[in-house]
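File shown: target.cif (mmCIF, C-alpha atoms).
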data_model
#
loop_
_atom_site.group_PDB
_atom_site.id
_atom_site.type_symbol
_atom_site.label_atom_id
_atom_site.label_comp_id
_atom_site.auth_asym_id
_atom_site.auth_seq_id
_atom_site.Cartn_x
_atom_site.Cartn_y
_atom_site.Cartn_z
ATOM 1 C CA MET A 1 20.903 -19.857 49.375
ATOM 2 C CA CYS A 2 21.437 -16.660 51.276
ATOM 3 C CA TYR A 3 18.524 -15.708 53.487
ATOM 4 C CA ASN A 4 18.453 -12.227 54.879
ATOM 5 C CA LYS A 5 16.550 -11.653 58.126
ATOM 6 C CA SER A 6 15.220 -8.357 56.772
ATOM 7 C CA MET A 7 13.124 -10.421 54.333
ATOM 8 C CA ASN A 8 10.994 -11.395 57.346
ATOM 9 C CA ASN A 9 8.537 -8.558 56.796
ATOM 10 C CA PHE A 10 8.076 -9.262 53.111
ATOM 11 C CA THR A 11 7.619 -13.026 53.315
ATOM 12 C CA PRO A 12 4.133 -13.001 54.925
ATOM 13 C CA LEU A 13 3.073 -10.241 52.563
ATOM 14 C CA SER A 14 4.262 -12.123 49.481
ATOM 15 C CA ILE A 15 2.612 -15.365 50.623
ATOM 16 C CA ALA A 16 -0.630 -13.485 51.311
ATOM 17 C CA ILE A 17 -0.483 -11.673 47.945
ATOM 18 C CA LEU A 18 0.055 -14.965 46.120
ATOM 19 C CA SER A 19 -2.929 -16.508 47.934
ATOM 20 C CA MET A 20 -5.123 -13.551 47.087
ATOM 21 C CA LEU A 21 -3.928 -13.661 43.482
ATOM 22 C CA ILE A 22 -5.201 -17.239 43.204
ATOM 23 C CA ILE A 23 -8.549 -16.265 44.747
ATOM 24 C CA ALA A 24 -8.827 -13.252 42.447
ATOM 25 C CA SER A 25 -8.088 -15.225 39.311
ATOM 26 C CA LEU A 26 -10.893 -17.789 39.717
ATOM 27 C CA TYR A 27 -13.709 -17.798 37.163
ATOM 28 C CA LEU A 28 -16.962 -18.188 39.067
ATOM 29 C CA ILE A 29 -17.641 -14.709 40.498
ATOM 30 C CA PRO A 30 -16.629 -12.831 37.304
ATOM 31 C CA GLY A 31 -18.760 -15.329 35.336
ATOM 32 C CA VAL A 32 -21.848 -14.694 37.451
ATOM 33 C CA PHE A 33 -21.135 -10.961 37.295
ATOM 34 C CA ALA A 34 -20.874 -11.067 33.485
ATOM 35 C CA LEU A 35 -24.180 -12.933 33.246
ATOM 36 C CA PHE A 36 -25.836 -10.515 35.651
ATOM 37 C CA TYR A 37 -24.452 -7.494 33.782
ATOM 38 C CA HIS A 38 -25.613 -8.916 30.446
ATOM 39 C CA TYR A 39 -29.189 -9.475 31.601
ATOM 40 C CA ALA A 40 -29.329 -6.183 33.510
ATOM 41 C CA SER A 41 -28.102 -4.148 30.541
ATOM 42 C CA GLY A 42 -30.728 -5.866 28.384
ATOM 43 C CA LYS A 43 -33.486 -4.724 30.724
ATOM 44 C CA TYR A 44 -32.521 -1.532 32.504
ATOM 45 C CA SER A 45 -30.997 1.895 31.876
ATOM 46 C CA ALA A 46 -27.228 2.383 32.084
ATOM 47 C CA LYS A 47 -27.599 4.224 35.406
ATOM 48 C CA LYS A 48 -29.542 1.407 37.041
ATOM 49 C CA VAL A 49 -27.078 -1.182 35.694
ATOM 50 C CA GLY A 50 -24.245 0.857 37.247
ATOM 51 C CA ASP A 51 -26.037 0.974 40.624
ATOM 52 C CA LEU A 52 -26.784 -2.744 40.562
ATOM 53 C CA SER A 53 -23.171 -3.511 39.621
ATOM 54 C CA ILE A 54 -21.888 -1.529 42.606
ATOM 55 C CA PHE A 55 -24.122 -3.541 44.936
ATOM 56 C CA PHE A 56 -23.036 -6.812 43.310
ATOM 57 C CA ILE A 57 -19.389 -5.836 43.862
ATOM 58 C CA LEU A 58 -20.122 -4.824 47.470
ATOM 59 C CA GLY A 59 -21.734 -8.224 48.015
ATOM 60 C CA ALA A 60 -18.740 -9.995 46.488
ATOM 61 C CA GLU A 61 -16.492 -7.955 48.776
ATOM 62 C CA THR A 62 -18.506 -8.878 51.856
ATOM 63 C CA LEU A 63 -17.855 -12.607 51.429
ATOM 64 C CA PRO A 64 -14.053 -12.492 51.971
ATOM 65 C CA ALA A 65 -14.593 -10.064 54.867
ATOM 66 C CA LEU A 66 -17.030 -12.486 56.513
ATOM 67 C CA ILE A 67 -14.705 -15.426 55.937
ATOM 68 C CA LEU A 68 -11.760 -13.615 57.498
ATOM 69 C CA ILE A 69 -13.917 -12.685 60.508
ATOM 70 C CA MET A 70 -15.043 -16.318 60.769
ATOM 71 C CA ILE A 71 -11.432 -17.547 60.633
ATOM 72 C CA ASN A 72 -10.539 -15.047 63.332
ATOM 73 C CA SER A 73 -13.275 -16.508 65.561
ATOM 74 C CA ILE A 74 -12.180 -20.095 64.832
ATOM 75 C CA ILE A 75 -8.544 -19.319 65.659
ATOM 76 C CA TYR A 76 -9.626 -17.507 68.821
ATOM 77 C CA ALA A 77 -11.671 -20.559 69.853
ATOM 78 C CA LEU A 78 -8.775 -22.910 69.039
ATOM 79 C CA SER A 79 -6.409 -20.843 71.166
ATOM 80 C CA PHE A 80 -8.447 -21.866 74.222
ATOM 81 C CA MET A 81 -7.655 -25.491 73.386
ATOM 82 C CA ASN A 82 -3.956 -24.670 73.072
ATOM 83 C CA LEU A 83 -3.997 -25.474 69.352
ATOM 84 C CA ASP A 84 -1.525 -23.378 67.405
ATOM 85 C CA LEU A 85 -2.054 -23.043 63.649
ATOM 86 C CA LYS A 86 1.609 -22.089 63.206
ATOM 87 C CA ASN A 87 3.013 -25.457 64.256
ATOM 88 C CA ASN A 88 4.661 -27.877 61.842
ATOM 89 C CA ILE A 89 1.797 -30.385 61.638
ATOM 90 C CA PHE A 90 -0.580 -27.669 60.541
ATOM 91 C CA LEU A 91 1.976 -26.293 58.071
ATOM 92 C CA TRP A 92 2.632 -29.706 56.488
ATOM 93 C CA THR A 93 -1.129 -30.293 56.264
ATOM 94 C CA THR A 94 -1.492 -26.922 54.525
ATOM 95 C CA VAL A 95 1.293 -27.767 52.081
ATOM 96 C CA GLY A 96 -0.293 -31.147 51.288
ATOM 97 C CA LEU A 97 -3.661 -29.480 50.833
ATOM 98 C CA LEU A 98 -2.188 -26.890 48.468
ATOM 99 C CA PHE A 99 -0.592 -29.564 46.264
ATOM 100 C CA ALA A 100 -3.856 -31.537 46.284
ATOM 101 C CA LEU A 101 -5.914 -28.451 45.478
ATOM 102 C CA GLY A 102 -3.551 -27.508 42.651
ATOM 103 C CA ILE A 103 -3.944 -30.934 41.056
ATOM 104 C CA ALA A 104 -7.702 -30.993 41.723
ATOM 105 C CA PHE A 105 -7.987 -27.559 40.165
ATOM 106 C CA PHE A 106 -6.084 -28.627 37.078
ATOM 107 C CA CYS A 107 -8.181 -31.768 36.641
ATOM 108 C CA PHE A 108 -11.651 -30.790 37.790
ATOM 109 C CA TYR A 109 -12.156 -27.011 37.803
ATOM 110 C CA PHE A 110 -13.469 -26.991 34.233
ATOM 111 C CA ARG A 111 -15.832 -29.573 32.861
ATOM 112 C CA ARG A 112 -15.017 -31.280 29.593
ATOM 113 C CA GLY A 113 -16.335 -29.774 26.371
ATOM 114 C CA ASN A 114 -16.643 -26.331 24.874
ATOM 115 C CA GLY A 115 -17.120 -23.195 26.928
ATOM 116 C CA THR A 116 -16.069 -22.661 30.514
ATOM 117 C CA ARG A 117 -18.495 -24.845 32.420
ATOM 118 C CA LEU A 118 -17.146 -25.100 35.952
ATOM 119 C CA PHE A 119 -17.017 -27.917 38.504
ATOM 120 C CA ILE A 120 -20.153 -26.734 40.338
ATOM 121 C CA THR A 121 -23.283 -28.862 39.958
ATOM 122 C CA ARG A 122 -25.442 -28.045 36.952
ATOM 123 C CA LYS A 123 -28.343 -27.268 39.255
ATOM 124 C CA THR A 124 -26.269 -24.639 41.088
ATOM 125 C CA ALA A 125 -25.081 -23.178 37.780
ATOM 126 C CA SER A 126 -28.607 -22.895 36.395
ATOM 127 C CA ASN A 127 -29.764 -21.394 39.703
ATOM 128 C CA PHE A 128 -27.087 -18.710 39.422
ATOM 129 C CA GLU A 129 -28.069 -18.045 35.822
ATOM 130 C CA LYS A 130 -31.719 -17.772 36.789
ATOM 131 C CA LYS A 131 -30.962 -15.471 39.739
ATOM 132 C CA ALA A 132 -28.675 -13.330 37.552
ATOM 133 C CA SER A 133 -31.481 -12.866 35.046
ATOM 134 C CA LEU A 134 -34.003 -11.937 37.738
ATOM 135 C CA VAL A 135 -32.023 -9.246 39.586
ATOM 136 C CA LYS A 136 -34.287 -6.226 40.059
ATOM 137 C CA THR A 137 -33.242 -4.414 43.208
ATOM 138 C CA ASN A 138 -29.940 -3.444 44.811
ATOM 139 C CA SER A 139 -30.467 -6.033 47.541
ATOM 140 C CA ASP A 140 -30.909 -8.790 44.907
ATOM 141 C CA ALA A 141 -27.607 -7.747 43.346
ATOM 142 C CA PHE A 142 -25.900 -7.652 46.757
ATOM 143 C CA VAL A 143 -27.111 -11.153 47.683
ATOM 144 C CA LEU A 144 -26.099 -12.531 44.285
ATOM 145 C CA GLY A 145 -22.611 -11.066 44.713
ATOM 146 C CA LEU A 146 -22.366 -12.421 48.243
ATOM 147 C CA THR A 147 -23.443 -15.957 47.347
ATOM 148 C CA SER A 148 -21.615 -16.320 44.039
ATOM 149 C CA GLY A 149 -18.265 -17.035 45.721
ATOM 150 C CA ILE A 150 -19.590 -19.724 48.080
ATOM 151 C CA PRO A 151 -19.331 -22.779 45.759
ATOM 152 C CA GLU A 152 -15.672 -21.928 45.151
ATOM 153 C CA LEU A 153 -14.815 -22.019 48.859
ATOM 154 C CA ILE A 154 -13.555 -25.567 48.404
ATOM 155 C CA PHE A 155 -10.623 -24.043 46.489
ATOM 156 C CA THR A 156 -10.373 -20.738 48.331
ATOM 157 C CA PHE A 157 -10.963 -21.430 52.025
ATOM 158 C CA PRO A 158 -7.424 -22.776 52.722
ATOM 159 C CA LEU A 159 -6.074 -19.688 50.960
ATOM 160 C CA TYR A 160 -8.049 -17.354 53.228
ATOM 161 C CA LEU A 161 -6.676 -19.316 56.181
ATOM 162 C CA ILE A 162 -3.130 -18.791 54.898
ATOM 163 C CA VAL A 163 -3.767 -15.078 54.334
ATOM 164 C CA PHE A 164 -5.094 -14.698 57.846
ATOM 165 C CA THR A 165 -2.257 -16.562 59.566
ATOM 166 C CA GLU A 166 0.390 -14.803 57.481
ATOM 167 C CA ILE A 167 -0.932 -11.303 58.062
ATOM 168 C CA THR A 168 -1.451 -11.790 61.778
ATOM 169 C CA ARG A 169 1.999 -13.394 62.078
ATOM 170 C CA TYR A 170 3.868 -10.081 61.799
ATOM 171 C CA TYR A 171 1.391 -7.283 61.443
ATOM 172 C CA ILE A 172 0.085 -7.354 64.964
ATOM 173 C CA ILE A 173 -0.545 -3.633 65.346
ATOM 174 C CA SER A 174 -4.307 -3.464 64.898
ATOM 175 C CA ILE A 175 -4.508 -0.437 62.559
ATOM 176 C CA SER A 176 -1.941 -1.658 60.025
ATOM 177 C CA CYS A 177 -3.391 -5.175 60.278
ATOM 178 C CA SER A 178 -6.925 -3.924 59.514
ATOM 179 C CA PHE A 179 -5.605 -1.809 56.662
ATOM 180 C CA ILE A 180 -3.850 -4.803 55.118
ATOM 181 C CA PHE A 181 -7.006 -6.930 55.476
ATOM 182 C CA ILE A 182 -9.086 -4.264 53.719
ATOM 183 C CA LEU A 183 -6.468 -4.074 50.976
ATOM 184 C CA PHE A 184 -6.604 -7.844 50.493
ATOM 185 C CA ILE A 185 -10.390 -7.955 50.465
ATOM 186 C CA PHE A 186 -10.297 -5.291 47.768
ATOM 187 C CA LEU A 187 -7.676 -7.268 45.849
ATOM 188 C CA THR A 188 -9.912 -10.339 45.589
ATOM 189 C CA ILE A 189 -12.626 -8.456 43.749
ATOM 190 C CA THR A 190 -10.453 -6.451 41.334
ATOM 191 C CA PRO A 191 -11.387 -8.805 38.440
ATOM 192 C CA LEU A 192 -14.969 -7.535 38.763
ATOM 193 C CA PHE A 193 -13.765 -3.989 38.035
ATOM 194 C CA PHE A 194 -11.919 -5.312 34.993
ATOM 195 C CA VAL A 195 -15.040 -7.126 33.754
ATOM 196 C CA TYR A 196 -17.154 -4.012 34.413
ATOM 197 C CA THR A 197 -14.702 -1.823 32.472
ATOM 198 C CA TYR A 198 -14.499 -4.437 29.714
ATOM 199 C CA PHE A 199 -18.272 -4.185 29.196
ATOM 200 C CA LYS A 200 -18.289 -0.422 29.648
ATOM 201 C CA ILE A 201 -15.824 0.126 26.785
ATOM 202 C CA GLY A 202 -18.214 -1.558 24.385
ATOM 203 C CA ASN A 203 -17.555 -5.285 24.586
ATOM 204 C CA ASN A 204 -20.412 -7.725 24.983
ATOM 205 C CA LEU A 205 -20.942 -11.095 26.638
ATOM 206 C CA ALA A 206 -19.980 -12.966 23.454
ATOM 207 C CA ASN A 207 -16.525 -11.344 23.376
ATOM 208 C CA TYR A 208 -16.071 -12.050 27.079
ATOM 209 C CA LEU A 209 -17.059 -15.701 26.658
ATOM 210 C CA ARG A 210 -14.714 -16.196 23.712
ATOM 211 C CA LYS A 211 -11.858 -14.689 25.727
ATOM 212 C CA ARG A 212 -12.600 -16.880 28.729
ATOM 213 C CA ALA A 213 -12.814 -20.009 26.619
ATOM 214 C CA SER A 214 -9.596 -19.269 24.722
ATOM 215 C CA ASN A 215 -7.655 -18.671 27.979
ATOM 216 C CA LYS A 216 -8.965 -21.794 29.686
ATOM 217 C CA THR A 217 -5.920 -24.055 29.223
ATOM 218 C CA PHE A 218 -3.428 -21.322 30.083
ATOM 219 C CA PHE A 219 -5.455 -20.456 33.177
ATOM 220 C CA ARG A 220 -5.465 -24.074 34.420
ATOM 221 C CA PHE A 221 -1.663 -24.244 34.189
ATOM 222 C CA PHE A 222 -1.296 -20.765 35.685
ATOM 223 C CA VAL A 223 -3.315 -21.551 38.802
ATOM 224 C CA LEU A 224 -1.701 -24.997 39.182
ATOM 225 C CA ILE A 225 1.718 -23.321 39.183
ATOM 226 C CA LEU A 226 0.546 -20.639 41.646
ATOM 227 C CA TYR A 227 -0.698 -23.321 44.065
ATOM 228 C CA PHE A 228 2.636 -25.163 43.797
ATOM 229 C CA ILE A 229 4.699 -21.989 44.253
ATOM 230 C CA LEU A 230 2.639 -21.129 47.322
ATOM 231 C CA ALA A 231 3.220 -24.604 48.771
ATOM 232 C CA LEU A 232 6.964 -24.335 48.091
ATOM 233 C CA LEU A 233 7.118 -20.865 49.680
ATOM 234 C CA ILE A 234 5.481 -22.231 52.815
ATOM 235 C CA ILE A 235 7.887 -25.207 52.914
ATOM 236 C CA PHE A 236 10.900 -22.927 52.494
ATOM 237 C CA PHE A 237 10.014 -19.928 54.652
ATOM 238 C CA ARG A 238 7.780 -21.496 57.278
ATOM 239 C CA ILE A 239 9.144 -25.014 57.739
ATOM 240 C CA ILE A 240 12.795 -25.089 56.660
ATOM 241 C CA VAL A 241 13.844 -21.534 57.594
ATOM 242 C CA MET B 4 -42.017 -32.134 28.674
ATOM 243 C CA GLU B 5 -43.093 -28.505 28.366
ATOM 244 C CA ASN B 6 -45.078 -26.448 25.900
ATOM 245 C CA PHE B 7 -43.166 -24.179 23.562
ATOM 246 C CA ASN B 8 -43.593 -20.625 24.893
ATOM 247 C CA GLU B 9 -42.985 -18.285 22.000
ATOM 248 C CA LYS B 10 -43.782 -15.145 23.984
ATOM 249 C CA ASN B 11 -41.124 -15.873 26.622
ATOM 250 C CA LEU B 12 -38.544 -16.869 24.048
ATOM 251 C CA ARG B 13 -39.173 -13.665 22.103
ATOM 252 C CA LYS B 14 -38.838 -11.573 25.265
ATOM 253 C CA ASN B 15 -35.537 -13.264 26.244
ATOM 254 C CA LEU B 16 -34.119 -12.875 22.755
ATOM 255 C CA LEU B 17 -34.948 -9.167 22.767
ATOM 256 C CA ILE B 18 -33.203 -8.779 26.143
ATOM 257 C CA ASP B 19 -30.093 -10.479 24.718
ATOM 258 C CA ALA B 20 -30.229 -8.280 21.639
ATOM 259 C CA LYS B 21 -30.446 -5.083 23.669
ATOM 260 C CA ALA B 22 -27.603 -6.246 25.930
ATOM 261 C CA ILE B 23 -25.233 -6.752 23.013
ATOM 262 C CA GLY B 24 -26.119 -3.372 21.564
ATOM 263 C CA ILE B 25 -28.401 -4.237 18.645
ATOM 264 C CA PRO B 26 -30.870 -1.363 18.094
ATOM 265 C CA ILE B 27 -34.377 -2.321 19.161
ATOM 266 C CA GLY B 28 -35.866 -1.956 15.654
ATOM 267 C CA SER B 29 -33.314 -4.263 14.061
ATOM 268 C CA ALA B 30 -33.547 -6.684 16.992
ATOM 269 C CA THR B 31 -37.320 -7.003 16.563
ATOM 270 C CA ILE B 32 -36.900 -7.751 12.871
ATOM 271 C CA PHE B 33 -34.142 -10.335 13.524
ATOM 272 C CA VAL B 34 -36.155 -12.080 16.228
ATOM 273 C CA ASP B 35 -39.401 -12.099 14.231
ATOM 274 C CA LYS B 36 -37.689 -13.468 11.134
ATOM 275 C CA THR B 37 -35.856 -16.094 13.192
ATOM 276 C CA LEU B 38 -38.988 -17.308 14.927
ATOM 277 C CA GLU B 39 -40.907 -17.337 11.666
ATOM 278 C CA SER B 40 -38.255 -19.440 9.987
ATOM 279 C CA VAL B 41 -37.995 -21.819 12.965
ATOM 280 C CA LYS B 42 -41.765 -22.273 13.012
ATOM 281 C CA LYS B 43 -41.706 -23.086 9.299
ATOM 282 C CA GLN B 44 -39.056 -25.742 9.846
ATOM 283 C CA LEU B 45 -41.019 -27.247 12.723
ATOM 284 C CA LYS B 46 -44.291 -27.290 10.821
ATOM 285 C CA ASN B 47 -44.509 -31.082 10.606
ATOM 286 C CA LYS B 48 -43.164 -31.799 14.091
ATOM 287 C CA THR B 49 -45.278 -32.010 17.217
ATOM 288 C CA ILE B 50 -42.382 -32.629 19.565
ATOM 289 C CA ILE B 51 -38.728 -31.488 19.650
ATOM 290 C CA THR B 52 -35.920 -31.608 22.200
ATOM 291 C CA ASN B 53 -34.723 -28.396 23.805
ATOM 292 C CA LYS B 54 -31.248 -28.880 22.339
ATOM 293 C CA ASP B 55 -32.567 -29.259 18.784
ATOM 294 C CA LEU B 56 -34.728 -26.181 19.162
ATOM 295 C CA GLU B 57 -31.780 -24.179 20.504
ATOM 296 C CA ARG B 58 -29.607 -25.358 17.626
ATOM 297 C CA LEU B 59 -32.238 -24.306 15.085
ATOM 298 C CA ILE B 60 -32.694 -20.865 16.658
ATOM 299 C CA ALA B 61 -28.921 -20.299 16.937
ATOM 300 C CA LYS B 62 -28.503 -21.270 13.264
ATOM 301 C CA GLU B 63 -31.139 -18.762 12.224
ATOM 302 C CA LEU B 64 -29.782 -15.996 14.485
ATOM 303 C CA LYS B 65 -26.311 -16.477 13.040
ATOM 304 C CA LYS B 66 -27.606 -15.215 9.692
ATOM 305 C CA TYR B 67 -28.240 -11.816 11.269
ATOM 306 C CA ASN B 68 -25.649 -11.431 14.041
ATOM 307 C CA ALA B 69 -22.857 -13.850 15.045
ATOM 308 C CA ASP B 70 -22.558 -12.542 18.626
ATOM 309 C CA PHE B 71 -26.291 -12.855 19.152
ATOM 310 C CA ALA B 72 -26.208 -16.491 18.039
ATOM 311 C CA TYR B 73 -23.074 -17.229 20.071
ATOM 312 C CA ILE B 74 -24.635 -15.938 23.301
ATOM 313 C CA TYR B 75 -27.868 -17.813 22.680
ATOM 314 C CA LYS B 76 -25.975 -21.051 22.044
ATOM 315 C CA ASN B 77 -23.476 -20.738 24.901
ATOM 316 C CA ARG B 78 -25.439 -19.175 27.740
ATOM 317 C CA ASP B 79 -25.377 -22.429 29.726
ATOM 318 C CA LYS B 80 -21.621 -22.868 29.241
ATOM 319 C CA ILE B 81 -20.453 -19.777 31.135
ATOM 320 C CA ILE B 82 -20.352 -21.084 34.702
#

How would this structure read if it were set down as structure tokens?
Amino acid sequence: MCYNKSMNNFTPLSIAILSMLIIASLYLIPGVFALFYHYASGKYSAKKVGDLSIFFILGAETLPALILIMINSIIYALSFMNLDLKNNIFLWTTVGLLFALGIAFFCFYFRRGNGTRLFITRKTASNFEKKASLVKTNSDAFVLGLTSGIPELIFTFPLYLIVFTEITRYYIISISCSFIFILFIFLTITPLFFVYTYFKIGNNLANYLRKRASNKTFFRFFVLILYFILALLIIFFRIIV
Amino acid sequence: MENFNEKNLRKNLLIDAKAIGIPIGSATIFVDKTLESVKKQLKNKTIITNKDLERLIAKELKKYNADFAYIYKNRDKII
């Protein structure tokens, strides 16, 4: 296979985009958002629902930002111990983890049965449902948005790590680096805008649930394949080449 | 074991109805008729499981609005 050196700049970007695509396509945050939107629109005026939704989305956006800052601190601390996250041992570990996560996702992300019950404990799920139904103020909505992505970190944290290492690998000029990080943080929450628009154009929670449930099998295969492609990209571009 | 709280159930059903766009007048009629019918069916029972009660309510709601019943039945299967 012919490998052109000019591809160097696009490889980290494509790996990072693929990682963010996986994060963006997960079901938990849009699910909590849909529940929250449903309850809020049953209680409040359209204007208040819009305000609360903005704060929910801001909260959901804050989580990836905080994680990337945390990863930055961890890598900074590791650099004092002369540990480099770009060495082969780390890369092979990442590849193994991606294959394992892909298979785990395929097998365990959804619980058996009808609907789209996720892998999270039932207590956590009912807590989210309860919190979504009790949102009153903007700060409630913000906190709900911020916390709704936490249970999924088991599937997403390695992806954030990949995004961070890939972006900082080539985009070392601080302004362009920050811009790309902001772009990626925005990318992870785009599904919330889709869900918001979906409700705004007249659909209700029942339609959304039916759609989610009917796409469940396709989605499992889709994310499994994305995890595998990501692992193969890392093997090819980061280990072999 | 918990006591059946009709007031709370009625309030939650009306919230669901408003959220899916059923006008408030129609929603009140649907909910009242549903609860009335459920109470009739439970006349001889002193105890019932949550699941059975949910099934009964969803069955009654389905007569008036399929989406309403679907949401009531599947609310715990979203996440």

For the file shown, report as a PDB file with C-alpha atoms, in the frame of the given file the outcome of the PyMOL selection byres ((chain B) within 6 of (chain A)) at residue level.
ATOM      1  CA  ILE B  18     -33.203  -8.779  26.143  1.00  0.00           C
ATOM      2  CA  ASP B  19     -30.093 -10.479  24.718  1.00  0.00           C
ATOM      3  CA  LYS B  21     -30.446  -5.083  23.669  1.00  0.00           C
ATOM      4  CA  ALA B  22     -27.603  -6.246  25.930  1.00  0.00           C
ATOM      5  CA  ILE B  23     -25.233  -6.752  23.013  1.00  0.00           C
ATOM      6  CA  ASP B  70     -22.558 -12.542  18.626  1.00  0.00           C
ATOM      7  CA  ILE B  74     -24.635 -15.938  23.301  1.00  0.00           C
ATOM      8  CA  LYS B  80     -21.621 -22.868  29.241  1.00  0.00           C
ATOM      9  CA  ILE B  81     -20.453 -19.777  31.135  1.00  0.00           C
ATOM     10  CA  ILE B  82     -20.352 -21.084  34.702  1.00  0.00           C
TER      11      ILE B  82
END

Exercise for review: Fewer than 6 positions away in the same chain doesn't count, so skip those; otherwise give me all residues within 12 Å of Ile32 (chain B), counting all atoms listed in the file, as a list in words.
Suggested key: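 Counting only the stated atoms, we get Arg13, Leu16, Leu17, Ala20, Ile25, Pro26, Leu38, Glu39, Leu64, Tyr67 and Asn68 of chain B.
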
Would you list the contacts of Glu5 (chain B) as a PDB file with C-alpha atoms, in the coordinates of the input, taking every protein, DNA or RNA residue within 12 Å and counting only C-alpha atoms, but skipping same-chain residues closer than 5 positions in sequence?
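And here's part_0.pdb as it stands now:
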ATOM      1  CA  THR B  49     -45.278 -32.010  17.217  1.00  0.00           C
ATOM      2  CA  ILE B  50     -42.382 -32.629  19.565  1.00  0.00           C
ATOM      3  CA  ILE B  51     -38.728 -31.488  19.650  1.00  0.00           C
ATOM      4  CA  THR B  52     -35.920 -31.608  22.200  1.00  0.00           C
ATOM      5  CA  ASN B  53     -34.723 -28.396  23.805  1.00  0.00           C
TER       6      ASN B  53
END

For region 9-24 of chain A: contacts at 10 Å, only C-alpha atoms, fewer than 6 positions along chain excluded, given as a short mmCIF file (atom, residue, chain, number, x, y, z; two decimals) with C-alpha atoms, keeping the file's coordinate frame:
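Written file, part-v7.cif:
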data_model
loop_
_atom_site.label_atom_id
_atom_site.label_comp_id
_atom_site.auth_asym_id
_atom_site.auth_seq_id
_atom_site.Cartn_x
_atom_site.Cartn_y
_atom_site.Cartn_z
CA PRO A 30 -16.63 -12.83 37.30
CA PRO A 64 -14.05 -12.49 51.97
CA GLY A 149 -18.26 -17.04 45.72
CA GLU A 152 -15.67 -21.93 45.15
CA LEU A 153 -14.82 -22.02 48.86
CA PHE A 155 -10.62 -24.04 46.49
CA THR A 156 -10.37 -20.74 48.33
CA PHE A 157 -10.96 -21.43 52.02
CA PRO A 158 -7.42 -22.78 52.72
CA LEU A 159 -6.07 -19.69 50.96
CA TYR A 160 -8.05 -17.35 53.23
CA LEU A 161 -6.68 -19.32 56.18
CA ILE A 162 -3.13 -18.79 54.90
CA VAL A 163 -3.77 -15.08 54.33
CA PHE A 164 -5.09 -14.70 57.85
CA THR A 165 -2.26 -16.56 59.57
CA GLU A 166 0.39 -14.80 57.48
CA ILE A 167 -0.93 -11.30 58.06
CA THR A 168 -1.45 -11.79 61.78
CA ARG A 169 2.00 -13.39 62.08
CA TYR A 170 3.87 -10.08 61.80
CA TYR A 171 1.39 -7.28 61.44
CA ILE A 180 -3.85 -4.80 55.12
CA PHE A 184 -6.60 -7.84 50.49
CA ILE A 185 -10.39 -7.96 50.46
CA PHE A 186 -10.30 -5.29 47.77
CA LEU A 187 -7.68 -7.27 45.85
CA THR A 188 -9.91 -10.34 45.59
CA ILE A 189 -12.63 -8.46 43.75
CA THR A 190 -10.45 -6.45 41.33
CA PRO A 191 -11.39 -8.80 38.44
CA LEU A 192 -14.97 -7.54 38.76
CA PHE A 222 -1.30 -20.76 35.68
CA VAL A 223 -3.32 -21.55 38.80
CA LEU A 224 -1.70 -25.00 39.18
CA LEU A 226 0.55 -20.64 41.65
CA TYR A 227 -0.70 -23.32 44.06
CA ILE A 229 4.70 -21.99 44.25
CA LEU A 230 2.64 -21.13 47.32
CA ALA A 231 3.22 -24.60 48.77
CA LEU A 233 7.12 -20.86 49.68
CA ILE A 234 5.48 -22.23 52.82
CA PHE A 237 10.01 -19.93 54.65
CA ARG A 238 7.78 -21.50 57.28
#

Check your understanding: Which distance in Å separates CA of Val41 (chain B) and CA of Leu59 (chain B), to one decimal?
Key ->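 Separating CA of Val41 (chain B) from CA of Leu59 (chain B) is a distance of 6.6 Å.
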
Test item: axis-aligned box, all listed atoms of region 30-38 of chain B, 4 Å on each side, centre and edges in Å rounded to one decimal, as AutoDock Vina command-line options:
--center_x -36.5 --center_y -12.0 --center_z 14.1 --size_x 13.9 --size_y 18.6 --size_z 13.9

Review point. By how many Å are CA of Glu61 (chain A) and CA of Leu134 (chain A) apart?
Key: 21.1 Å

Point to revise | Point-to-point distance from CA of Ala132 (chain A) to CA of Ile54 (chain A), Å rounded to tenths | key: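 Separating CA of Ala132 (chain A) from CA of Ile54 (chain A) is a distance of 14.5 Å.
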
Written-out region 197-203 of chain A (N, CA and C atoms) as a PDB file, in the first residue's frame:
ATOM      1  N   THR A 197     -34.256  19.126  17.856  1.00  0.00           N
ATOM      2  CA  THR A 197     -34.966  19.486  16.622  1.00  0.00           C
ATOM      3  C   THR A 197     -36.069  18.472  16.330  1.00  0.00           C
ATOM      4  N   TYR A 198     -35.763  17.208  16.593  1.00  0.00           N
ATOM      5  CA  TYR A 198     -36.741  16.130  16.357  1.00  0.00           C
ATOM      6  C   TYR A 198     -38.030  16.384  17.159  1.00  0.00           C
ATOM      7  N   PHE A 199     -37.862  16.806  18.416  1.00  0.00           N
ATOM      8  CA  PHE A 199     -39.043  17.119  19.236  1.00  0.00           C
ATOM      9  C   PHE A 199     -39.697  18.421  18.778  1.00  0.00           C
ATOM     10  N   LYS A 200     -38.858  19.374  18.407  1.00  0.00           N
ATOM     11  CA  LYS A 200     -39.372  20.692  18.016  1.00  0.00           C
ATOM     12  C   LYS A 200     -40.258  20.623  16.775  1.00  0.00           C
ATOM     13  N   ILE A 201     -39.947  19.675  15.865  1.00  0.00           N
ATOM     14  CA  ILE A 201     -40.745  19.611  14.622  1.00  0.00           C
ATOM     15  C   ILE A 201     -42.013  18.791  14.818  1.00  0.00           C
ATOM     16  N   GLY A 202     -42.323  18.449  16.057  1.00  0.00           N
ATOM     17  CA  GLY A 202     -43.632  17.864  16.330  1.00  0.00           C
ATOM     18  C   GLY A 202     -43.648  16.396  16.716  1.00  0.00           C
ATOM     19  N   ASN A 203     -42.465  15.782  16.807  1.00  0.00           N
ATOM     20  CA  ASN A 203     -42.443  14.384  17.251  1.00  0.00           C
ATOM     21  C   ASN A 203     -42.538  14.312  18.765  1.00  0.00           C
TER      22      ASN A 203
END
